[in-house]
file protein_30.cif (mmCIF, C-alpha atoms)
data_upload
loop_
_atom_site.group_PDB
_atom_site.id
_atom_site.type_symbol
_atom_site.label_atom_id
_atom_site.label_comp_id
_atom_site.auth_asym_id
_atom_site.auth_seq_id
_atom_site.Cartn_x
_atom_site.Cartn_y
_atom_site.Cartn_z
ATOM 1 C CA HIS F 1 -11.842 4.169 17.602
ATOM 2 C CA TRP F 2 -13.837 0.905 17.802
ATOM 3 C CA ALA F 3 -11.132 -0.967 15.854
ATOM 4 C CA ALA F 4 -8.264 0.234 18.093
ATOM 5 C CA PRO F 5 -8.385 -2.867 20.366
ATOM 6 C CA LEU F 6 -7.590 -5.027 17.317
ATOM 7 C CA ASN F 7 -4.046 -3.607 17.344
ATOM 8 C CA LEU F 8 -3.750 -3.982 13.579
ATOM 9 C CA PRO F 9 -0.855 -2.403 11.698
ATOM 10 C CA GLU F 10 -1.651 0.902 10.012
ATOM 11 C CA GLY F 11 -3.130 0.351 6.560
ATOM 12 C CA SER F 12 -4.514 -3.124 7.237
ATOM 13 C CA ILE F 13 -8.079 -1.940 7.833
ATOM 14 C CA THR F 14 -10.185 0.583 5.949
ATOM 15 C CA PHE F 15 -13.553 2.224 6.539
ATOM 16 C CA HIS F 16 -15.859 3.461 3.789
ATOM 17 C CA VAL F 17 -19.133 5.360 3.672
ATOM 18 C CA LEU F 18 -21.361 4.634 0.675
ATOM 19 C CA GLU F 19 -24.466 6.640 -0.183
ATOM 20 C CA ALA F 20 -27.041 5.043 -2.489
ATOM 21 C CA THR F 21 -30.763 4.533 -2.926
ATOM 22 C CA ASN F 22 -30.128 0.768 -2.846
ATOM 23 C CA PRO F 23 -27.555 0.175 -0.076
ATOM 24 C CA ALA F 24 -27.158 -3.577 -0.665
ATOM 25 C CA SER F 25 -26.392 -3.089 -4.359
ATOM 26 C CA ALA F 26 -23.901 -0.332 -3.560
ATOM 27 C CA ILE F 27 -22.081 -2.492 -1.003
ATOM 28 C CA LEU F 28 -22.000 -5.494 -3.346
ATOM 29 C CA GLU F 29 -20.737 -3.417 -6.272
ATOM 30 C CA TYR F 30 -18.035 -1.836 -4.105
ATOM 31 C CA ALA F 31 -16.962 -5.257 -2.829
ATOM 32 C CA ARG F 32 -16.695 -6.691 -6.347
ATOM 33 C CA LEU F 33 -14.882 -3.710 -7.874
ATOM 34 C CA ASN F 34 -12.389 -3.471 -5.013
ATOM 35 C CA ARG F 35 -11.840 -7.189 -4.408
ATOM 36 C CA VAL F 36 -12.915 -6.855 -0.769
ATOM 37 C CA ASP F 37 -11.884 -9.744 1.511
ATOM 38 C CA HIS F 38 -14.401 -9.303 4.310
ATOM 39 C CA ILE F 39 -17.465 -7.157 4.961
ATOM 40 C CA VAL F 40 -18.623 -6.340 8.489
ATOM 41 C CA LEU F 41 -22.011 -4.665 8.740
ATOM 42 C CA GLY F 42 -24.717 -4.117 11.294
ATOM 43 C CA ALA F 43 -28.259 -5.436 11.237
ATOM 44 C CA ARG F 44 -31.366 -3.803 12.599
ATOM 45 C CA THR F 45 -33.722 -5.457 15.002
ATOM 46 C CA ALA F 46 -36.637 -7.442 13.582
ATOM 47 C CA SER F 47 -39.526 -5.500 12.038
ATOM 48 C CA PHE F 48 -42.526 -6.265 9.850
ATOM 49 C CA LYS F 49 -41.147 -4.112 7.017
ATOM 50 C CA ARG F 50 -37.829 -5.968 7.063
ATOM 51 C CA LYS F 51 -39.579 -9.344 7.076
ATOM 52 C CA VAL F 52 -41.651 -8.391 4.020
ATOM 53 C CA LEU F 53 -39.026 -6.513 2.016
ATOM 54 C CA GLY F 54 -35.872 -8.292 3.186
ATOM 55 C CA SER F 55 -32.834 -6.711 4.756
ATOM 56 C CA VAL F 56 -29.689 -5.095 3.451
ATOM 57 C CA SER F 57 -27.541 -7.353 5.615
ATOM 58 C CA GLY F 58 -29.387 -10.465 4.407
ATOM 59 C CA GLU F 59 -28.964 -9.535 0.745
ATOM 60 C CA VAL F 60 -25.280 -8.692 1.187
ATOM 61 C CA ALA F 61 -24.623 -11.914 3.102
ATOM 62 C CA ALA F 62 -26.376 -13.970 0.407
ATOM 63 C CA GLU F 63 -24.702 -12.355 -2.604
ATOM 64 C CA ALA F 64 -21.299 -11.070 -1.504
ATOM 65 C CA PRO F 65 -18.176 -12.389 -3.236
ATOM 66 C CA CYS F 66 -16.393 -12.580 0.135
ATOM 67 C CA ASN F 67 -16.927 -13.379 3.804
ATOM 68 C CA VAL F 68 -19.601 -11.333 5.568
ATOM 69 C CA THR F 69 -20.010 -10.818 9.299
ATOM 70 C CA VAL F 70 -23.344 -9.392 10.419
ATOM 71 C CA VAL F 71 -23.450 -7.876 13.894
ATOM 72 C CA ARG F 72 -26.500 -6.918 15.897
ATOM 73 C CA LEU F 73 -26.879 -5.200 19.255
ATOM 74 C CA ARG F 74 -27.640 -7.687 21.977
ATOM 75 C CA ASN F 75 -31.218 -7.515 23.242
ATOM 76 C CA PRO F 76 -30.806 -6.265 26.823
ATOM 77 C CA GLY F 77 -33.890 -8.241 27.952
ATOM 78 C CA ALA F 78 -32.769 -11.571 26.465
ATOM 79 C CA SER F 79 -31.398 -14.256 28.713
ATOM 80 C CA GLU F 80 -28.015 -15.790 28.003
ATOM 81 C CA GLY F 81 -28.028 -19.439 27.309
#

call {"tool": "encode", "arguments": {"input": "protein_30.cif", "output": "structure tokens"}}
result
Amino acid sequence: HWAAPLNLPEGSITFHVLEATNPASAILEYARLNRVDHIVLGARTASFKRKVLGSVSGEVAAEAPCNVTVVRLRNPGASEG
């Protein structure tokens, strides 16, 4: 339903659910094997664990064979500037 406002023709957008112990590797492998044009994925808010271990979105963005768009929820307390 979130893609409905894009008004894209049927068949021009696909959605996939991947299950893996290493999500970044699974996404990258899928993208390579299926010649993906563009990956859109969400990013979590900042955390100590993510800073130490890295993030799935950061790894995918750095290593993907295509364009990557990372989206994050806007911080409701942040000021617009």

call {"tool": "atom_distance", "arguments": {"input": "protein_30.cif", "atom1": "CA of Ser55 in chain F", "atom2": "CA of His1 in chain F"}}
result
26.9 Å

call {"tool": "atom_distance", "arguments": {"input": "protein_30.cif", "atom1": "CA of Ala43 in chain F", "atom2": "CA of Glu59 in chain F"}}
result
11.3 Å

call {"tool": "residues_around", "arguments": {"input": "protein_30.cif", "residues": "Pro23 in chain F", "least_positions_apart": "5", "cutoff": "9 Å", "atoms": "all atoms listed in the file", "output": "PDB file with C-alpha atoms, in the frame of the given file"}}
result
ATOM      1  CA  LEU F  18     -21.361   4.634   0.675  1.00  0.00           C
ATOM      2  CA  LEU F  28     -22.000  -5.494  -3.346  1.00  0.00           C
ATOM      3  CA  VAL F  56     -29.689  -5.095   3.451  1.00  0.00           C
TER       4      VAL F  56
END

call {"tool": "atom_distance", "arguments": {"input": "protein_30.cif", "atom1": "CA of Arg44 in chain F", "atom2": "CA of Ser12 in chain F"}}
result
27.4 Å

call {"tool": "closest_residue", "arguments": {"input": "protein_30.cif", "among": "F:Asn34, F:Ala4, F:Ala62, F:Thr69", "to": "His16 in chain F", "atoms": "only C-alpha atoms"}}
result
F:Asn34

call {"tool": "closest_residue", "arguments": {"input": "protein_30.cif", "among": "F:Ala24, F:Leu6, F:Leu41, F:Ile13", "to": "Glu63 in chain F", "atoms": "all atoms listed in the file"}}
result
F:Ala24

call {"tool": "closest_residue", "arguments": {"input": "protein_30.cif", "among": "F:Asp37, F:Ala20, F:Ala26, F:Trp2", "to": "Pro65 in chain F", "atoms": "all atoms listed in the file"}}
result
F:Asp37

call {"tool": "residues_around", "arguments": {"input": "protein_30.cif", "residues": "Val36 in chain F", "least_positions_apart": "3", "cutoff": "10 Å", "atoms": "all atoms listed in the file", "output": "JSON, numbers by chain"}}
result
{"F": [28, 30, 31, 32, 33, 39, 64, 65, 66, 67]}

call {"tool": "axis_aligned_box", "arguments": {"input": "protein_30.cif", "around": "range 15-23 of chain F", "padding_each_side": "4 Å", "output": "JSON"}}
result
{"center_x": -22.2, "center_y": 3.4, "center_z": 1.8, "size_x": 25.2, "size_y": 14.5, "size_z": 17.5}

call {"tool": "closest_residue", "arguments": {"input": "protein_30.cif", "among": "F:Leu73, F:Val68, F:Ala61, F:Ala3", "to": "Phe15 in chain F", "atoms": "only C-alpha atoms"}}
result
F:Ala3
